[in-house]
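File shown here: data22.txt, holding compact mmCIF, C-alpha atoms.
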```
# COMPACT_ATOMS: atom_id res chain seq x y z
CA MET A 1345 -2.35 -45.05 23.54
CA PRO A 1346 -2.75 -45.01 27.35
CA PHE A 1347 -0.41 -48.02 27.47
CA GLN A 1348 2.28 -46.13 25.57
CA ILE A 1349 2.02 -43.07 27.81
CA LEU A 1350 2.24 -45.29 30.88
CA LEU A 1351 5.32 -46.99 29.45
CA ASN A 1352 6.85 -43.62 28.75
CA ILE A 1353 6.26 -42.40 32.30
CA ILE A 1354 7.74 -45.62 33.71
CA ILE A 1355 10.86 -45.10 31.60
CA ALA A 1356 11.10 -41.52 32.84
CA VAL A 1357 10.80 -42.59 36.50
CA MET A 1358 13.40 -45.31 35.94
CA TRP A 1359 15.73 -42.70 34.47
CA MET A 1360 15.22 -40.59 37.61
CA PHE A 1361 16.19 -43.53 39.81
CA LEU A 1362 19.17 -44.45 37.64
CA SER A 1363 20.61 -40.95 37.64
CA GLU A 1364 19.63 -40.44 41.32
CA THR A 1365 18.36 -36.91 40.84
CA TYR A 1366 14.74 -36.54 41.82
CA ASN A 1367 13.55 -33.34 40.20
CA PHE A 1368 11.47 -32.21 37.28
CA THR A 1369 14.42 -31.73 34.91
CA SER A 1370 15.59 -35.31 35.17
CA PHE A 1371 12.00 -36.48 34.74
CA LEU A 1372 11.80 -34.44 31.54
CA VAL A 1373 15.10 -35.86 30.27
CA GLY A 1374 13.85 -39.36 31.03
CA TYR A 1375 10.60 -38.65 29.26
CA ILE A 1376 12.43 -37.51 26.13
CA ILE A 1377 14.61 -40.63 26.26
CA GLY A 1378 11.43 -42.66 26.61
CA ILE A 1379 9.95 -41.01 23.51
CA LEU A 1380 13.11 -41.87 21.56
CA MET A 1381 13.00 -45.48 22.79
CA LEU A 1382 9.35 -45.84 21.85
CA PHE A 1383 10.12 -44.30 18.47
CA VAL A 1384 12.84 -46.86 17.80
CA LEU A 1385 10.72 -49.76 19.06
CA GLN A 1386 7.39 -48.68 17.59
CA ARG A 1387 7.11 -51.80 15.41
CA PHE A 1388 6.85 -54.01 18.50
CA ILE A 1389 4.32 -51.96 20.41
CA PRO A 1390 0.58 -52.21 19.72
CA ASP A 1391 -1.23 -49.16 18.25
CA THR A 1392 0.31 -46.30 16.36
CA PHE A 1393 2.94 -44.17 17.98
CA TYR A 1394 1.17 -41.60 20.18
CA ILE A 1395 3.47 -38.67 19.38
CA LYS A 1396 1.88 -38.66 15.93
CA ARG A 1397 -1.39 -37.80 17.59
CA VAL A 1398 0.30 -35.10 19.67
CA PHE A 1399 1.59 -33.58 16.44
CA SER A 1400 -1.87 -33.57 14.91
CA VAL A 1401 -3.20 -31.83 18.05
CA ILE A 1402 -0.51 -29.17 17.62
CA LYS A 1403 -1.46 -28.85 13.96
CA LEU A 1404 -5.10 -28.34 14.93
CA ILE A 1405 -4.15 -25.62 17.42
CA MET A 1406 -2.02 -23.81 14.82
CA LEU A 1407 -4.87 -23.98 12.30
CA PHE A 1408 -7.24 -22.65 14.93
CA VAL A 1409 -5.01 -19.68 15.82
CA ARG A 1410 -4.54 -18.81 12.15
CA GLU A 1411 -8.28 -18.90 11.47
CA LEU A 1412 -8.97 -16.83 14.58
CA LEU A 1413 -6.60 -14.11 13.37
CA LEU A 1414 -8.13 -14.16 9.88
CA SER A 1415 -11.67 -13.96 11.23
CA ASN A 1416 -10.80 -10.96 13.38
CA ILE A 1417 -9.29 -9.17 10.42
CA ASP A 1418 -12.51 -9.92 8.53
CA ILE A 1419 -14.70 -8.49 11.28
CA VAL A 1420 -12.52 -5.39 11.61
CA LYS A 1421 -12.71 -4.79 7.87
CA LEU A 1422 -16.51 -5.05 7.95
CA ALA A 1423 -16.80 -2.88 11.05
CA TYR A 1424 -14.98 0.04 9.43
CA LYS A 1425 -16.54 -0.37 5.99
CA PRO A 1426 -18.75 2.65 5.22
CA LYS A 1427 -21.38 0.59 3.39
CA LEU A 1428 -22.54 -2.84 4.51
CA ASP A 1429 -22.89 -4.93 1.37
CA ILE A 1430 -23.01 -8.36 3.01
CA GLN A 1431 -25.39 -11.22 2.34
CA PRO A 1432 -25.88 -13.13 5.58
CA GLY A 1433 -27.86 -16.35 5.87
CA ILE A 1434 -28.20 -19.74 7.52
CA PHE A 1435 -26.97 -22.90 5.85
CA ALA A 1436 -26.82 -26.54 6.91
CA LEU A 1437 -23.49 -28.33 7.16
CA PRO A 1438 -23.71 -32.14 7.05
CA ILE A 1439 -21.21 -33.67 9.47
CA ASP A 1440 -19.60 -37.09 9.63
CA LEU A 1441 -18.32 -36.82 13.19
CA LYS A 1442 -20.08 -39.04 15.69
CA SER A 1443 -19.15 -38.53 19.31
CA ASN A 1444 -20.40 -35.65 21.42
CA TRP A 1445 -17.10 -34.00 22.10
CA GLU A 1446 -16.01 -34.08 18.47
CA ILE A 1447 -19.15 -32.20 17.50
CA THR A 1448 -18.65 -29.74 20.36
CA LEU A 1449 -15.11 -29.08 19.19
CA LEU A 1450 -16.23 -28.60 15.59
CA ALA A 1451 -19.03 -26.23 16.62
CA ASN A 1452 -16.61 -24.19 18.71
CA LEU A 1453 -14.07 -24.03 15.91
CA ILE A 1454 -16.74 -22.94 13.45
CA SER A 1455 -17.87 -20.18 15.81
CA LEU A 1456 -14.39 -18.70 15.95
CA THR A 1457 -13.58 -18.83 12.25
CA PRO A 1458 -14.11 -16.28 9.50
CA GLY A 1459 -17.72 -15.33 8.93
CA THR A 1460 -19.42 -18.33 10.51
CA LEU A 1461 -21.30 -18.92 13.74
CA SER A 1462 -22.77 -22.27 14.68
CA LEU A 1463 -26.41 -21.74 15.57
CA GLU A 1464 -27.89 -25.14 16.26
CA VAL A 1465 -27.05 -28.84 16.11
CA SER A 1466 -29.86 -30.93 14.64
CA GLU A 1467 -31.49 -33.49 16.89
CA ASP A 1468 -29.97 -36.55 15.22
CA TYR A 1469 -26.49 -34.96 15.25
CA SER A 1470 -26.19 -35.16 11.47
CA LYS A 1471 -26.16 -31.45 10.69
CA ILE A 1472 -24.95 -28.19 12.13
CA TYR A 1473 -26.89 -25.08 11.18
CA ILE A 1474 -24.48 -22.23 10.63
CA HIS A 1475 -25.14 -18.53 10.36
CA ALA A 1476 -22.71 -17.00 7.93
CA MET A 1477 -21.82 -13.35 7.57
CA ASP A 1478 -21.43 -13.37 3.83
CA ILE A 1479 -22.30 -16.41 1.70
CA PRO A 1480 -22.60 -15.83 -2.00
CA ASP A 1481 -21.64 -19.50 -2.47
CA VAL A 1482 -22.92 -22.09 0.00
CA GLU A 1483 -21.25 -25.11 -1.61
CA GLN A 1484 -17.85 -23.50 -1.39
CA SER A 1485 -18.14 -22.69 2.32
CA ILE A 1486 -19.35 -26.20 3.11
CA LYS A 1487 -16.39 -27.66 1.24
CA ASP A 1488 -13.93 -25.36 3.00
CA ILE A 1489 -15.10 -26.31 6.48
CA LYS A 1490 -15.25 -30.01 5.67
CA GLU A 1491 -11.77 -30.09 4.19
CA THR A 1492 -9.97 -28.10 6.86
CA PHE A 1493 -11.62 -28.60 10.24
CA GLU A 1494 -13.36 -31.91 9.97
CA LYS A 1495 -10.24 -33.53 8.56
CA ALA A 1496 -8.03 -32.04 11.27
CA ILE A 1497 -10.40 -33.17 14.03
CA MET A 1498 -10.60 -36.66 12.59
CA GLU A 1499 -6.82 -36.91 12.56
CA VAL A 1500 -6.80 -36.17 16.26
CA THR A 1501 -9.58 -38.48 17.35
CA ARG A 1502 -9.03 -41.58 15.26
CA MET B 406 24.56 -4.56 25.47
CA ASN B 407 22.88 -7.81 24.54
CA GLY B 408 20.46 -7.62 27.45
CA THR B 409 19.14 -4.18 26.57
CA TRP B 410 18.31 -5.26 23.03
CA ILE B 411 16.33 -8.20 24.30
CA SER B 412 14.44 -6.05 26.79
CA ILE B 413 13.63 -3.51 24.06
CA ILE B 414 12.27 -6.29 21.86
CA PHE B 415 10.19 -7.61 24.75
CA ASP B 416 8.84 -4.12 25.47
CA LEU B 417 7.87 -3.78 21.83
CA LEU B 418 6.14 -7.17 21.90
CA ILE B 419 4.20 -6.18 25.02
CA CYS B 420 3.13 -2.89 23.42
CA ILE B 421 2.09 -4.59 20.20
CA SER B 422 0.00 -7.26 21.88
CA LEU B 423 -1.72 -4.77 24.20
CA LEU B 424 -2.45 -2.38 21.34
CA LEU B 425 -3.73 -5.15 19.07
CA GLY B 426 -5.94 -6.45 21.87
CA THR B 427 -7.52 -3.06 22.53
CA PHE B 428 -7.85 -2.38 18.82
CA PHE B 429 -9.76 -5.63 18.28
CA LEU B 430 -11.99 -4.92 21.27
CA ILE B 431 -12.83 -1.43 20.01
CA SER B 432 -13.54 -2.65 16.48
CA GLY B 433 -15.67 -5.43 17.92
CA SER B 434 -17.75 -2.97 19.91
CA LEU B 435 -18.11 -0.78 16.84
CA GLY B 436 -19.25 -3.85 14.93
CA VAL B 437 -21.83 -4.64 17.61
CA LEU B 438 -23.22 -1.15 17.22
CA ARG B 439 -23.18 -1.09 13.42
CA PHE B 440 -24.31 -4.53 12.27
CA PRO B 441 -27.97 -4.96 11.34
CA ASP B 442 -29.34 -7.92 13.37
CA VAL B 443 -28.69 -10.14 16.38
CA TYR B 444 -26.82 -12.83 14.49
CA THR B 445 -24.36 -10.58 12.69
CA ARG B 446 -23.79 -8.71 15.94
CA LEU B 447 -22.97 -11.97 17.64
CA HIS B 448 -20.25 -12.52 15.05
CA ALA B 449 -18.58 -9.29 16.08
CA ALA B 450 -19.05 -9.93 19.80
CA THR B 451 -17.70 -13.49 19.97
CA LYS B 452 -14.73 -13.22 17.64
CA SER B 453 -13.20 -9.90 18.44
CA ALA B 454 -13.82 -10.26 22.17
CA THR B 455 -11.90 -13.54 22.18
CA LEU B 456 -8.84 -12.24 20.41
CA GLY B 457 -8.99 -8.86 22.13
CA VAL B 458 -8.99 -10.29 25.64
CA ALA B 459 -6.43 -12.92 24.65
CA GLY B 460 -4.12 -10.21 23.30
CA ILE B 461 -4.34 -8.16 26.49
CA LEU B 462 -3.73 -11.24 28.64
CA ILE B 463 -0.70 -12.21 26.53
CA GLY B 464 0.65 -8.69 26.96
CA ALA B 465 0.15 -8.91 30.71
CA PHE B 466 1.78 -12.34 30.78
CA LEU B 467 4.88 -11.08 28.94
CA PHE B 468 5.05 -8.03 31.21
CA MET B 469 4.92 -10.15 34.38
CA TYR B 470 7.58 -12.44 32.97
CA VAL B 471 10.00 -9.71 31.88
CA GLU B 472 9.58 -7.24 34.74
CA HIS B 473 8.91 -9.48 37.71
CA ASP B 474 10.20 -12.90 36.59
CA VAL B 475 6.84 -14.45 37.31
CA VAL B 476 5.42 -17.11 35.01
CA SER B 477 1.79 -16.34 35.63
CA GLY B 478 -0.26 -19.47 35.17
CA LYS B 479 -3.49 -17.63 35.95
CA LEU B 480 -3.17 -15.50 32.82
CA LEU B 481 -2.56 -18.55 30.64
CA LEU B 482 -5.58 -20.27 32.19
CA GLY B 483 -7.58 -17.11 31.51
CA ILE B 484 -6.72 -17.29 27.81
CA PHE B 485 -7.63 -20.97 27.74
CA PHE B 486 -11.02 -20.42 29.36
CA ILE B 487 -11.82 -17.43 27.15
CA LEU B 488 -11.15 -19.58 24.09
CA LEU B 489 -13.33 -22.30 25.56
CA THR B 490 -16.33 -20.26 26.70
CA ALA B 491 -16.74 -17.45 24.16
CA PRO B 492 -17.91 -19.66 21.27
CA VAL B 493 -20.23 -21.60 23.57
CA SER B 494 -21.93 -18.43 24.79
CA GLY B 495 -22.18 -17.16 21.21
CA HIS B 496 -23.81 -20.43 20.17
CA MET B 497 -26.26 -20.36 23.06
CA ILE B 498 -27.27 -16.73 22.54
CA GLY B 499 -27.82 -17.34 18.84
CA ARG B 500 -29.86 -20.45 19.51
CA ALA B 501 -31.98 -18.74 22.13
CA ALA B 502 -32.53 -15.77 19.83
CA TYR B 503 -33.70 -18.02 17.01
CA ARG B 504 -35.99 -20.00 19.28
CA SER B 505 -37.62 -16.90 20.68
CA GLY B 506 -38.43 -15.78 17.16
CA VAL B 507 -35.92 -13.07 16.33
CA GLN B 508 -36.03 -12.44 12.58
CA LEU B 509 -33.02 -12.44 10.31
CA TRP B 510 -32.00 -9.26 8.52
CA ASP B 511 -34.09 -8.47 5.39
CA LYS B 512 -31.13 -8.87 3.09
CA SER B 513 -30.33 -12.41 4.25
CA ILE B 514 -30.28 -14.76 1.30
CA HIS B 515 -30.50 -18.31 2.69
CA ASN B 516 -32.42 -19.83 5.53
CA GLU B 517 -32.19 -23.60 5.46
CA PHE B 518 -33.05 -23.84 9.11
CA LYS B 519 -36.48 -22.26 8.85
CA ASP B 520 -38.40 -25.27 7.51
CA VAL B 521 -36.69 -27.74 9.80
CA TYR B 522 -37.41 -25.62 12.83
CA GLN B 523 -41.03 -25.18 11.80
CA GLN B 524 -41.45 -28.93 11.40
CA SER B 525 -39.96 -29.77 14.78
CA LYS B 526 -42.17 -27.11 16.36
CA ASP B 527 -45.28 -28.60 14.72
CA THR B 528 -44.51 -32.14 15.79
CA SER B 529 -43.82 -31.16 19.37
CA LYS B 530 -47.19 -29.43 19.71
```
Render the structure in this file as structure tokens.
Amino acid sequence: MPFQILLNIIIAVMWMFLSETYNFTSFLVGYIIGILMLFVLQRFIPDTFYIKRVFSVIKLIMLFVRELLLSNIDIVKLAYKPKLDIQPGIFALPIDLKSNWEITLLANLISLTPGTLSLEVSEDYSKIYIHAMDIPDVEQSIKDIKETFEKAIMEVTR
Amino acid sequence: MNGTWISIIFDLLICISLLLGTFFLISGSLGVLRFPDVYTRLHAATKSATLGVAGILIGAFLFMYVEHDVVSGKLLLGIFFILLTAPVSGHMIGRAAYRSGVQLWDKSIHNEFKDVYQQSKDTSK
């Protein structure tokens, strides 16, 4: 992936020299041309095309914004509810992610999503303990988090 | 004619984002006051504060752009850092609260962490 980005920047700089305009706009045009060239030639370049990864990052951000909005609506609903009939509790979420920053990202995402707050990461990094606002069904919440966030993070990192 | 429509739409967008931001902040503070224990209060504090401050900053960003033609990078960076730091502080406060022995609310139904924490405490003694 770093090789592809480097190649892309070189193409952009070459485009600047060829068109003899040295500003940001021509760099951007060259960069887009570079992306198109890499897209056409992706069979001959090692590794998968890096724009795919950029798209999965964008997808992760969209998911994150959506969940943030939903969680705020949840909190607002609870805050104005006359009677608090919630069942909070702590549950353990087994995680498959390995590296430090993946786990950090997952913990942060969990903290900002509906009804969950990451409380502690176990010492061998195999579990995150999560405090949930309302968990009648632990299995279901574990499955939700695993299927949305962990999958999205994995698409970005590997 | 075209320009005025666009400016009206932008004004509306600014109003909406500022109002939503303040609304979320107020509801968050109300939640902090109403919820029963530290952990549920942290929920209210981290989530609504993030979106509330982000909404106000987005409103300010749009205002600067429309009225003064300034693309304010500081406001965007502010949103970014709020998103980055709020969950971390929530996590740390929750962790510290648990470690200093704050009890969960009586009506809590699960506590899978209790035994694990007790074990690690016993072994470290």
Discussion item. I need the chain A residues near chain B as number ranges by chain; criterion: at most 9 Å, counting all atoms listed in the file.
Written reply: A: 1412-1413, 1415-1417, 1419-1424, 1428, 1430-1436, 1448, 1451-1464, 1466, 1473-1480, 1482
Return as lines of an AutoDock Vina configuration file the box centre and box size in Å, one decimal, for an axis-aligned box around all listed atoms of stretch 1407-1410 of chain A padded by 4 Å per side.
```
center_x = -5.9
center_y = -21.4
center_z = 14.0
size_x = 10.7
size_y = 13.2
size_z = 11.7
```
Worksheet entry | Selection: 6 Å around A:Arg1397, only C-alpha atoms, excl. self and same-chain fewer than 3 positions, as a list in words |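 Here the qualifying residues turn out to be Tyr1394, Ser1400 and Val1500 of chain A.
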Worksheet item: To one decimal place, how far is atom CA of B:Leu480 from atom CA of B:Phe466 in Å?
Response: 6.2 Å
Discussion item. I'd like the neighbourhood of A:Ala1356 as a VMD selection string, where a residue qualifies if any of its atoms comes within 9 Å (using only C-alpha atoms), though same-chain residues fewer than 5 positions away should be ignored.
Written reply: chain A and resid 1351 1361 1370 to 1378
Item to complete: Counting only C-alpha atoms, select every polymer residue within 6 Å of (6.4, -7.7, 27.9) as defined in the file's coordinates, and provide the selection as a count of residues only.
Response: 7
Worksheet entry | Interatomic distance, atom CA of B:Cys420 to atom CA of B:Glu472 (Å, one decimal) |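 For atom CA of B:Cys420 relative to atom CA of B:Glu472, the distance reads 13.7 Å.
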Practice prompt. List the neighbours of B:Ile461 out to 8 Å using all atoms listed in the file; skip same-chain residues closer than 4 positions along the sequence, and give me the result as a PyMOL selection string.
Written response: chain B and resi 422-424+426-427+457+465
Could you save the residues just selected, with C-alpha atoms, as a JSON list (two decimals), keeping the file's coordinate frame?
```json
[["chain", "number", "residue", "atom", "x", "y", "z"],
["B", 422, "SER", "CA", 0.00, -7.26, 21.88],
["B", 423, "LEU", "CA", -1.72, -4.77, 24.20],
["B", 424, "LEU", "CA", -2.45, -2.38, 21.34],
["B", 426, "GLY", "CA", -5.94, -6.45, 21.87],
["B", 427, "THR", "CA", -7.52, -3.06, 22.53],
["B", 457, "GLY", "CA", -8.99, -8.86, 22.13],
["B", 465, "ALA", "CA", 0.15, -8.91, 30.71]]
```
Worksheet entry | Computed interatomic separation between atom CA of B:Phe486 and atom CA of B:Val458 (Å) | 11.0 Å
Could all heavy atoms be built for stretch 1469-1480 of chain A and written out as a tab-separated table (two decimals), in the frame of the given file?
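Okay, result19.tsv is ready:
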```tsv
chain	number	residue	atom	x	y	z
A	1469	TYR	N	-27.93	-35.23	15.34
A	1469	TYR	CA	-26.49	-34.96	15.25
A	1469	TYR	C	-25.92	-35.11	13.85
A	1469	TYR	O	-24.75	-35.41	13.70
A	1469	TYR	CB	-25.68	-35.87	16.18
A	1469	TYR	CG	-25.95	-35.68	17.64
A	1469	TYR	CD1	-25.67	-36.68	18.56
A	1469	TYR	CD2	-26.46	-34.49	18.11
A	1469	TYR	CE1	-25.91	-36.51	19.90
A	1469	TYR	CE2	-26.71	-34.30	19.45
A	1469	TYR	CZ	-26.44	-35.31	20.34
A	1469	TYR	OH	-26.68	-35.13	21.65
A	1470	SER	N	-26.75	-34.95	12.80
A	1470	SER	CA	-26.19	-35.16	11.47
A	1470	SER	C	-25.89	-33.84	10.78
A	1470	SER	O	-25.25	-33.82	9.75
A	1470	SER	CB	-27.17	-35.97	10.62
A	1470	SER	OG	-28.34	-35.22	10.44
A	1471	LYS	N	-26.37	-32.74	11.34
A	1471	LYS	CA	-26.16	-31.45	10.69
A	1471	LYS	C	-25.88	-30.37	11.73
A	1471	LYS	O	-26.39	-30.44	12.84
A	1471	LYS	CB	-27.42	-31.04	9.92
A	1471	LYS	CG	-27.49	-31.65	8.55
A	1471	LYS	CD	-28.81	-31.30	7.91
A	1471	LYS	CE	-28.95	-32.02	6.58
A	1471	LYS	NZ	-30.33	-32.10	6.16
A	1472	ILE	N	-25.08	-29.40	11.32
A	1472	ILE	CA	-24.95	-28.19	12.13
A	1472	ILE	C	-25.50	-27.04	11.30
A	1472	ILE	O	-25.14	-26.91	10.13
A	1472	ILE	CB	-23.48	-27.91	12.50
A	1472	ILE	CG1	-22.92	-29.02	13.37
A	1472	ILE	CG2	-23.36	-26.60	13.26
A	1472	ILE	CD1	-21.50	-28.75	13.82
A	1473	TYR	N	-26.37	-26.25	11.89
A	1473	TYR	CA	-26.89	-25.08	11.18
A	1473	TYR	C	-26.00	-23.89	11.51
A	1473	TYR	O	-25.77	-23.59	12.68
A	1473	TYR	CB	-28.33	-24.81	11.56
A	1473	TYR	CG	-29.24	-25.91	11.07
A	1473	TYR	CD1	-29.61	-26.95	11.91
A	1473	TYR	CD2	-29.64	-25.93	9.76
A	1473	TYR	CE1	-30.40	-27.98	11.46
A	1473	TYR	CE2	-30.43	-26.96	9.29
A	1473	TYR	CZ	-30.80	-27.98	10.14
A	1473	TYR	OH	-31.57	-29.01	9.68
A	1474	ILE	N	-25.49	-23.26	10.45
A	1474	ILE	CA	-24.48	-22.23	10.63
A	1474	ILE	C	-24.99	-20.91	10.09
A	1474	ILE	O	-25.51	-20.85	8.97
A	1474	ILE	CB	-23.18	-22.62	9.90
A	1474	ILE	CG1	-22.60	-23.87	10.53
A	1474	ILE	CG2	-22.17	-21.51	9.95
A	1474	ILE	CD1	-21.46	-24.44	9.75
A	1475	HIS	N	-24.85	-19.86	10.88
A	1475	HIS	CA	-25.14	-18.53	10.36
A	1475	HIS	C	-23.86	-17.95	9.80
A	1475	HIS	O	-22.84	-17.92	10.49
A	1475	HIS	CB	-25.68	-17.63	11.47
A	1475	HIS	CG	-26.07	-16.27	10.98
A	1475	HIS	ND1	-25.18	-15.24	10.92
A	1475	HIS	CD2	-27.23	-15.81	10.48
A	1475	HIS	CE1	-25.80	-14.18	10.43
A	1475	HIS	NE2	-27.04	-14.49	10.15
A	1476	ALA	N	-23.92	-17.53	8.54
A	1476	ALA	CA	-22.71	-17.00	7.93
A	1476	ALA	C	-22.90	-15.52	7.62
A	1476	ALA	O	-24.00	-15.06	7.34
A	1476	ALA	CB	-22.39	-17.74	6.65
A	1477	MET	N	-21.80	-14.79	7.74
A	1477	MET	CA	-21.82	-13.35	7.57
A	1477	MET	C	-22.04	-12.99	6.10
A	1477	MET	O	-22.76	-12.07	5.79
A	1477	MET	CB	-20.46	-12.84	8.01
A	1477	MET	CG	-20.41	-11.40	8.31
A	1477	MET	SD	-21.14	-11.12	9.90
A	1477	MET	CE	-20.84	-9.39	10.00
A	1478	ASP	N	-21.41	-13.73	5.23
A	1478	ASP	CA	-21.43	-13.37	3.83
A	1478	ASP	C	-21.29	-14.64	3.00
A	1478	ASP	O	-20.20	-15.18	2.90
A	1478	ASP	CB	-20.27	-12.40	3.54
A	1478	ASP	CG	-20.44	-11.72	2.21
A	1478	ASP	OD1	-21.52	-11.85	1.63
A	1478	ASP	OD2	-19.48	-11.06	1.76
A	1479	ILE	N	-22.40	-15.17	2.48
A	1479	ILE	CA	-22.30	-16.41	1.70
A	1479	ILE	C	-22.90	-16.26	0.32
A	1479	ILE	O	-24.05	-16.58	0.09
A	1479	ILE	CB	-22.98	-17.61	2.39
A	1479	ILE	CG1	-24.24	-17.16	3.14
A	1479	ILE	CG2	-22.03	-18.36	3.24
A	1479	ILE	CD1	-25.11	-18.32	3.55
A	1480	PRO	N	-22.12	-15.78	-0.63
A	1480	PRO	CA	-22.60	-15.83	-2.00
A	1480	PRO	C	-22.63	-17.28	-2.50
A	1480	PRO	O	-23.46	-17.64	-3.32
A	1480	PRO	CB	-21.58	-15.00	-2.79
A	1480	PRO	CG	-20.51	-14.63	-1.85
A	1480	PRO	CD	-20.83	-15.13	-0.50
```
